[in-house]
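A.B. asks: Below is one structure. I have some questions about it.
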Amino acid sequence: MRRIKYLLPAGVSIALALIYFTGIFSKPVAEEVVLADVTPIPVEDSIQHITIASVGDLMCHSTQYKYARIEGDSFDFRPCFSYVRSYLESADLTLGNLETVTAGNKVAYSGYPYFNSPDDYINSIADVGFDFLVTANNHANDQGEKGITRTISILDANGLQHTGTYTSEKDRDSIRVVDVKGVHIAILAYTYSTNDNPLTPGKPWLVNMCDSALIRQDILKARTLSDLVLVFYHFGEEYKRLPGDYQKGFVQHAIDCGADIILGSHPHVLEPALFFATQNAKLDTGFAIYSMGNFISNQRDMYTDEGVIVQLHIAKNKHTGACVLEKADYIPTWVYRGEQEEMKLHMVFPANAPDSLLPPFVGKYYSKDVADARTHTEAIFSTYTNAFRPAVAEN
């Protein structure tokens, strides 16, 4: 042990020596004090970061299950998502719109206009990274009440959370709140219609409809149960790339009621996104998109092979409860329809991937479509880069 030497006047040194030898001090005053090593106790990070991902319409036309059939009543749709699976799995919460029902094989499988898909479609969706599906859409009642309730049971069996269709009035009145790493997100879903299929008389709760009074009631209740309120609308005019007054009105209604995030589907093509100042909410900046387009389908109209994976990066202060929308990202997607002998399967591709990473059959037949999907998606989302906060301040 290193000692510190003190230089003292001679008289002082003699006095200290006498005191020492009388036993008043047991150690020399020049003894160095050695501090033990202390490992500091780590302080828990006060900020929790999460990523929410969402896609638009998950459709299942007859050609899709035809190509996905393995044998008999066995189907495998997982390869359809193999090129985008990493994006779905990496998010903390991944959502999509299930635009079909699973009424069972006692009813013939069918595509448009009255969908009934194999149970394996839901099983595959669960396996590739989806956590939560909304079921309120214009095809929710394609197979009647039985189709609604059986679809719910198949979702439950595959561990997929859901909202939008229900088995009872009590079930409908129960707000779905998802705990994502300590961030509580209430998810609500509504549709403009169930086409020409009326609901079972006396059971309006089977499917959530776009009703302004109901939406206000649900959002106000959800605000008391959660950090964030996410509203998923199925609305708008098919194949229109700009929102109509109906959509704008319901989006504004949700904002006024206190929604933080508003996601849209049904037009089957991409429509614009926007940021807004939230009302009586914990999130600093709200986000809405009128339509996320098709994620997978066999539709042939222009732009219906284009979609997007929206990625919302949110931070919550664990002490104050305040939430911040840190960044909004997107992955443009494009659907290859299994028409070529090289690959008889519908597949979703990230349209921003380099051509070198796409399989030969895609580049050979559809390189222009992939390029178009990149361009169109970039145009749709060019207004909501990370420079969105000044626009919010103007509200």
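Numbering starts fresh at 1 for the residues of each chain in the structure tokens, the chains themselves are lettered A, B, ... in the order given, and ligands are numbered from 1 as they appear.
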Taking 5 positions as the minimum chain separation for residues in the same chain, which residues sit within 10 Å of Ser110 (chain A) when counting only C-alpha atoms? Answer as a PyMOL selection string.
C.D. replies: chain A and resi 60-63+65+100-101+115-118
A.B. asks: Can you write out the residues you just picked, keeping all heavy atoms, as a PDB file, in the first residue's frame?
C.D. replies:
ATOM      1  N   CYS A  60     -58.155 -13.784 -49.998  1.00  0.00           N
ATOM      2  CA  CYS A  60     -57.876 -15.163 -50.417  1.00  0.00           C
ATOM      3  C   CYS A  60     -58.841 -15.550 -51.528  1.00  0.00           C
ATOM      4  O   CYS A  60     -59.900 -16.133 -51.289  1.00  0.00           O
ATOM      5  CB  CYS A  60     -57.999 -16.123 -49.232  1.00  0.00           C
ATOM      6  SG  CYS A  60     -57.429 -17.802 -49.613  1.00  0.00           S
ATOM      7  N   HIS A  61     -58.464 -15.178 -52.749  1.00  0.00           N
ATOM      8  CA  HIS A  61     -59.271 -15.555 -53.904  1.00  0.00           C
ATOM      9  C   HIS A  61     -59.058 -17.032 -54.246  1.00  0.00           C
ATOM     10  O   HIS A  61     -58.105 -17.651 -53.762  1.00  0.00           O
ATOM     11  CB  HIS A  61     -58.906 -14.675 -55.100  1.00  0.00           C
ATOM     12  CG  HIS A  61     -59.332 -13.251 -54.947  1.00  0.00           C
ATOM     13  ND1 HIS A  61     -58.503 -12.282 -54.408  1.00  0.00           N
ATOM     14  CD2 HIS A  61     -60.502 -12.636 -55.240  1.00  0.00           C
ATOM     15  CE1 HIS A  61     -59.140 -11.117 -54.391  1.00  0.00           C
ATOM     16  NE2 HIS A  61     -60.355 -11.304 -54.888  1.00  0.00           N
ATOM     17  N   SER A  62     -59.916 -17.548 -55.060  1.00  0.00           N
ATOM     18  CA  SER A  62     -59.899 -18.996 -55.348  1.00  0.00           C
ATOM     19  C   SER A  62     -58.571 -19.439 -55.951  1.00  0.00           C
ATOM     20  O   SER A  62     -58.075 -20.533 -55.640  1.00  0.00           O
ATOM     21  CB  SER A  62     -61.061 -19.368 -56.259  1.00  0.00           C
ATOM     22  OG  SER A  62     -61.014 -18.622 -57.471  1.00  0.00           O
ATOM     23  N   THR A  63     -57.970 -18.612 -56.805  1.00  0.00           N
ATOM     24  CA  THR A  63     -56.685 -19.014 -57.390  1.00  0.00           C
ATOM     25  C   THR A  63     -55.587 -19.082 -56.329  1.00  0.00           C
ATOM     26  O   THR A  63     -54.655 -19.878 -56.462  1.00  0.00           O
ATOM     27  CB  THR A  63     -56.262 -18.034 -58.492  1.00  0.00           C
ATOM     28  OG1 THR A  63     -56.365 -16.701 -58.007  1.00  0.00           O
ATOM     29  CG2 THR A  63     -57.138 -18.186 -59.724  1.00  0.00           C
ATOM     30  N   TYR A  65     -55.891 -20.096 -53.081  1.00  0.00           N
ATOM     31  CA  TYR A  65     -55.880 -21.392 -52.379  1.00  0.00           C
ATOM     32  C   TYR A  65     -55.689 -22.560 -53.339  1.00  0.00           C
ATOM     33  O   TYR A  65     -55.187 -23.620 -52.948  1.00  0.00           O
ATOM     34  CB  TYR A  65     -57.115 -21.569 -51.474  1.00  0.00           C
ATOM     35  CG  TYR A  65     -58.472 -21.583 -52.114  1.00  0.00           C
ATOM     36  CD1 TYR A  65     -58.921 -22.690 -52.840  1.00  0.00           C
ATOM     37  CD2 TYR A  65     -59.351 -20.519 -51.937  1.00  0.00           C
ATOM     38  CE1 TYR A  65     -60.187 -22.715 -53.401  1.00  0.00           C
ATOM     39  CE2 TYR A  65     -60.629 -20.536 -52.482  1.00  0.00           C
ATOM     40  CZ  TYR A  65     -61.046 -21.638 -53.220  1.00  0.00           C
ATOM     41  OH  TYR A  65     -62.306 -21.664 -53.772  1.00  0.00           O
ATOM     42  N   THR A 100     -61.687 -12.194 -45.350  1.00  0.00           N
ATOM     43  CA  THR A 100     -62.314 -13.456 -45.719  1.00  0.00           C
ATOM     44  C   THR A 100     -62.838 -14.085 -44.440  1.00  0.00           C
ATOM     45  O   THR A 100     -62.630 -13.537 -43.355  1.00  0.00           O
ATOM     46  CB  THR A 100     -61.321 -14.398 -46.419  1.00  0.00           C
ATOM     47  OG1 THR A 100     -62.011 -15.575 -46.874  1.00  0.00           O
ATOM     48  CG2 THR A 100     -60.200 -14.829 -45.485  1.00  0.00           C
ATOM     49  N   VAL A 101     -63.529 -15.207 -44.572  1.00  0.00           N
ATOM     50  CA  VAL A 101     -63.976 -15.965 -43.400  1.00  0.00           C
ATOM     51  C   VAL A 101     -63.588 -17.426 -43.589  1.00  0.00           C
ATOM     52  O   VAL A 101     -63.264 -17.871 -44.696  1.00  0.00           O
ATOM     53  CB  VAL A 101     -65.506 -15.845 -43.179  1.00  0.00           C
ATOM     54  CG1 VAL A 101     -65.890 -14.412 -42.885  1.00  0.00           C
ATOM     55  CG2 VAL A 101     -66.274 -16.381 -44.395  1.00  0.00           C
ATOM     56  N   PHE A 115     -66.648 -15.054 -49.898  1.00  0.00           N
ATOM     57  CA  PHE A 115     -65.423 -15.744 -49.529  1.00  0.00           C
ATOM     58  C   PHE A 115     -65.663 -16.822 -48.469  1.00  0.00           C
ATOM     59  O   PHE A 115     -66.458 -16.668 -47.552  1.00  0.00           O
ATOM     60  CB  PHE A 115     -64.398 -14.745 -48.977  1.00  0.00           C
ATOM     61  CG  PHE A 115     -63.777 -13.872 -50.034  1.00  0.00           C
ATOM     62  CD1 PHE A 115     -64.327 -12.640 -50.350  1.00  0.00           C
ATOM     63  CD2 PHE A 115     -62.638 -14.283 -50.715  1.00  0.00           C
ATOM     64  CE1 PHE A 115     -63.758 -11.835 -51.319  1.00  0.00           C
ATOM     65  CE2 PHE A 115     -62.057 -13.481 -51.684  1.00  0.00           C
ATOM     66  CZ  PHE A 115     -62.624 -12.244 -51.985  1.00  0.00           C
ATOM     67  N   ASN A 116     -64.930 -17.919 -48.627  1.00  0.00           N
ATOM     68  CA  ASN A 116     -64.794 -18.950 -47.595  1.00  0.00           C
ATOM     69  C   ASN A 116     -63.453 -19.626 -47.826  1.00  0.00           C
ATOM     70  O   ASN A 116     -63.264 -20.331 -48.824  1.00  0.00           O
ATOM     71  CB  ASN A 116     -65.918 -19.982 -47.657  1.00  0.00           C
ATOM     72  CG  ASN A 116     -65.761 -21.035 -46.575  1.00  0.00           C
ATOM     73  OD1 ASN A 116     -65.311 -20.736 -45.473  1.00  0.00           O
ATOM     74  ND2 ASN A 116     -66.103 -22.278 -46.893  1.00  0.00           N
ATOM     75  N   SER A 117     -62.515 -19.393 -46.933  1.00  0.00           N
ATOM     76  CA  SER A 117     -61.137 -19.843 -47.129  1.00  0.00           C
ATOM     77  C   SER A 117     -60.793 -21.003 -46.215  1.00  0.00           C
ATOM     78  O   SER A 117     -61.419 -21.198 -45.165  1.00  0.00           O
ATOM     79  CB  SER A 117     -60.174 -18.677 -46.845  1.00  0.00           C
ATOM     80  OG  SER A 117     -60.472 -17.573 -47.662  1.00  0.00           O
ATOM     81  N   PRO A 118     -59.788 -21.796 -46.600  1.00  0.00           N
ATOM     82  CA  PRO A 118     -59.338 -22.901 -45.732  1.00  0.00           C
ATOM     83  C   PRO A 118     -58.810 -22.382 -44.396  1.00  0.00           C
ATOM     84  O   PRO A 118     -58.252 -21.282 -44.318  1.00  0.00           O
ATOM     85  CB  PRO A 118     -58.215 -23.558 -46.554  1.00  0.00           C
ATOM     86  CG  PRO A 118     -58.423 -23.106 -47.955  1.00  0.00           C
ATOM     87  CD  PRO A 118     -59.025 -21.748 -47.867  1.00  0.00           C
TER      88      PRO A 118
END
A.B. asks: Can you check which residues of region 23-224 of chain A DSSP gives as helix (DSSP H, G or I) on the backbone and send them as a PyMOL selection string?
C.D. replies: chain A and resi 62-68+78-81+85-90+119-127+144-157+169-172+204-206+212-223
A.B. asks: May I ask which of the residues A:Lys344, A:Lys203, A:Arg176, A:His266 is the closest one to Leu230 (chain A), counting only C-alpha atoms?
C.D. replies: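 Going through A:Lys344, A:Lys203, A:Arg176, A:His266 one by one, the smallest distance to Leu230 (chain A) is for A:Arg176.
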A.B. asks: Given the choices A:Ser212, A:Lys282, A:Thr191, A:Ile255, which gets closest to Ser226 (chain A) if the distance is worked out from only C-alpha atoms?
C.D. replies: A:Lys282
A.B. asks: Set the distance at 10 Å and use only C-alpha atoms: which residues neighbour Met347 (chain A) once local chain neighbours fewer than 3 positions away are removed? I'd like the list as a PDB file with N, CA, C and O atoms, in the first residue's frame.
C.D. replies:
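The resulting file, result38.pdb, is shown below:
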ATOM      1  N   GLN A  64     -55.713 -18.281 -55.292  1.00  0.00           N
ATOM      2  CA  GLN A  64     -54.703 -18.295 -54.229  1.00  0.00           C
ATOM      3  C   GLN A  64     -54.708 -19.631 -53.501  1.00  0.00           C
ATOM      4  O   GLN A  64     -53.649 -20.233 -53.290  1.00  0.00           O
ATOM      5  N   PHE A  77     -49.841 -21.576 -47.101  1.00  0.00           N
ATOM      6  CA  PHE A  77     -49.713 -20.226 -47.637  1.00  0.00           C
ATOM      7  C   PHE A  77     -48.442 -19.529 -47.135  1.00  0.00           C
ATOM      8  O   PHE A  77     -48.188 -18.386 -47.520  1.00  0.00           O
ATOM      9  N   ARG A  78     -47.682 -20.190 -46.273  1.00  0.00           N
ATOM     10  CA  ARG A  78     -46.520 -19.530 -45.691  1.00  0.00           C
ATOM     11  C   ARG A  78     -45.501 -19.058 -46.724  1.00  0.00           C
ATOM     12  O   ARG A  78     -44.937 -17.964 -46.577  1.00  0.00           O
ATOM     13  N   PRO A  79     -45.240 -19.846 -47.793  1.00  0.00           N
ATOM     14  CA  PRO A  79     -44.282 -19.351 -48.791  1.00  0.00           C
ATOM     15  C   PRO A  79     -44.722 -18.051 -49.458  1.00  0.00           C
ATOM     16  O   PRO A  79     -43.879 -17.321 -49.987  1.00  0.00           O
ATOM     17  N   CYS A  80     -46.016 -17.742 -49.427  1.00  0.00           N
ATOM     18  CA  CYS A  80     -46.499 -16.488 -50.021  1.00  0.00           C
ATOM     19  C   CYS A  80     -45.872 -15.274 -49.359  1.00  0.00           C
ATOM     20  O   CYS A  80     -45.766 -14.207 -49.970  1.00  0.00           O
ATOM     21  N   PHE A  81     -45.460 -15.429 -48.096  1.00  0.00           N
ATOM     22  CA  PHE A  81     -44.956 -14.302 -47.308  1.00  0.00           C
ATOM     23  C   PHE A  81     -43.464 -14.412 -46.992  1.00  0.00           C
ATOM     24  O   PHE A  81     -42.949 -13.642 -46.174  1.00  0.00           O
ATOM     25  N   SER A  82     -42.781 -15.353 -47.622  1.00  0.00           N
ATOM     26  CA  SER A  82     -41.405 -15.639 -47.223  1.00  0.00           C
ATOM     27  C   SER A  82     -40.472 -14.442 -47.428  1.00  0.00           C
ATOM     28  O   SER A  82     -39.510 -14.264 -46.667  1.00  0.00           O
ATOM     29  N   TYR A  83     -40.729 -13.592 -48.430  1.00  0.00           N
ATOM     30  CA  TYR A  83     -39.835 -12.467 -48.705  1.00  0.00           C
ATOM     31  C   TYR A  83     -40.142 -11.242 -47.836  1.00  0.00           C
ATOM     32  O   TYR A  83     -39.366 -10.284 -47.825  1.00  0.00           O
ATOM     33  N   VAL A  84     -41.269 -11.256 -47.138  1.00  0.00           N
ATOM     34  CA  VAL A  84     -41.597 -10.125 -46.258  1.00  0.00           C
ATOM     35  C   VAL A  84     -41.752 -10.575 -44.812  1.00  0.00           C
ATOM     36  O   VAL A  84     -42.041  -9.766 -43.927  1.00  0.00           O
ATOM     37  N   PHE A 295     -52.437  -6.269 -49.350  1.00  0.00           N
ATOM     38  CA  PHE A 295     -51.182  -6.930 -48.991  1.00  0.00           C
ATOM     39  C   PHE A 295     -51.019  -8.180 -49.842  1.00  0.00           C
ATOM     40  O   PHE A 295     -49.947  -8.458 -50.350  1.00  0.00           O
ATOM     41  N   ILE A 296     -52.104  -8.954 -49.999  1.00  0.00           N
ATOM     42  CA  ILE A 296     -52.072 -10.087 -50.914  1.00  0.00           C
ATOM     43  C   ILE A 296     -53.476 -10.305 -51.461  1.00  0.00           C
ATOM     44  O   ILE A 296     -54.463 -10.224 -50.728  1.00  0.00           O
ATOM     45  N   SER A 297     -53.548 -10.555 -52.757  1.00  0.00           N
ATOM     46  CA  SER A 297     -54.838 -10.780 -53.417  1.00  0.00           C
ATOM     47  C   SER A 297     -54.565 -11.305 -54.819  1.00  0.00           C
ATOM     48  O   SER A 297     -53.408 -11.409 -55.246  1.00  0.00           O
ATOM     49  N   TRP A 334     -45.330  -5.546 -53.278  1.00  0.00           N
ATOM     50  CA  TRP A 334     -45.883  -5.859 -54.596  1.00  0.00           C
ATOM     51  C   TRP A 334     -46.216  -7.349 -54.640  1.00  0.00           C
ATOM     52  O   TRP A 334     -45.469  -8.173 -54.107  1.00  0.00           O
ATOM     53  N   VAL A 335     -47.350  -7.681 -55.237  1.00  0.00           N
ATOM     54  CA  VAL A 335     -47.826  -9.067 -55.274  1.00  0.00           C
ATOM     55  C   VAL A 335     -47.551  -9.698 -56.637  1.00  0.00           C
ATOM     56  O   VAL A 335     -48.000  -9.183 -57.675  1.00  0.00           O
ATOM     57  N   TYR A 336     -46.808 -10.774 -56.601  1.00  0.00           N
ATOM     58  CA  TYR A 336     -46.640 -11.610 -57.789  1.00  0.00           C
ATOM     59  C   TYR A 336     -47.783 -12.608 -57.813  1.00  0.00           C
ATOM     60  O   TYR A 336     -48.034 -13.317 -56.835  1.00  0.00           O
ATOM     61  N   ARG A 337     -48.510 -12.656 -58.918  1.00  0.00           N
ATOM     62  CA  ARG A 337     -49.596 -13.631 -59.070  1.00  0.00           C
ATOM     63  C   ARG A 337     -49.051 -14.871 -59.756  1.00  0.00           C
ATOM     64  O   ARG A 337     -48.383 -14.787 -60.780  1.00  0.00           O
ATOM     65  N   GLY A 338     -49.353 -16.023 -59.195  1.00  0.00           N
ATOM     66  CA  GLY A 338     -48.735 -17.262 -59.647  1.00  0.00           C
ATOM     67  C   GLY A 338     -49.194 -17.734 -60.998  1.00  0.00           C
ATOM     68  O   GLY A 338     -49.825 -18.789 -61.115  1.00  0.00           O
ATOM     69  N   MET A 343     -43.320 -20.484 -60.962  1.00  0.00           N
ATOM     70  CA  MET A 343     -43.801 -20.388 -59.586  1.00  0.00           C
ATOM     71  C   MET A 343     -45.314 -20.237 -59.590  1.00  0.00           C
ATOM     72  O   MET A 343     -45.840 -19.159 -59.828  1.00  0.00           O
ATOM     73  N   LYS A 344     -46.005 -21.321 -59.323  1.00  0.00           N
ATOM     74  CA  LYS A 344     -47.469 -21.295 -59.257  1.00  0.00           C
ATOM     75  C   LYS A 344     -47.894 -20.971 -57.839  1.00  0.00           C
ATOM     76  O   LYS A 344     -48.425 -21.820 -57.108  1.00  0.00           O
ATOM     77  N   VAL A 362     -39.549 -13.297 -61.155  1.00  0.00           N
ATOM     78  CA  VAL A 362     -40.128 -11.980 -60.912  1.00  0.00           C
ATOM     79  C   VAL A 362     -39.513 -10.948 -61.847  1.00  0.00           C
ATOM     80  O   VAL A 362     -40.201 -10.177 -62.507  1.00  0.00           O
TER      81      VAL A 362
END
A.B. asks: Neighbours of Gly144 (chain A) within 10 Å (only C-alpha atoms; same-chain residues fewer than 5 positions away dropped), as a list in words?
C.D. replies: Val101, Ala103, His139, Thr149, Asn197, Pro198, Leu199, Thr200 and Leu206 of chain A
A.B. asks: Taking into account only C-alpha atoms, which residue in the set A:Asn141, A:Asn298, A:Asn158, A:Thr135 is nearest to Glu339 (chain A)?
C.D. replies: A:Asn298
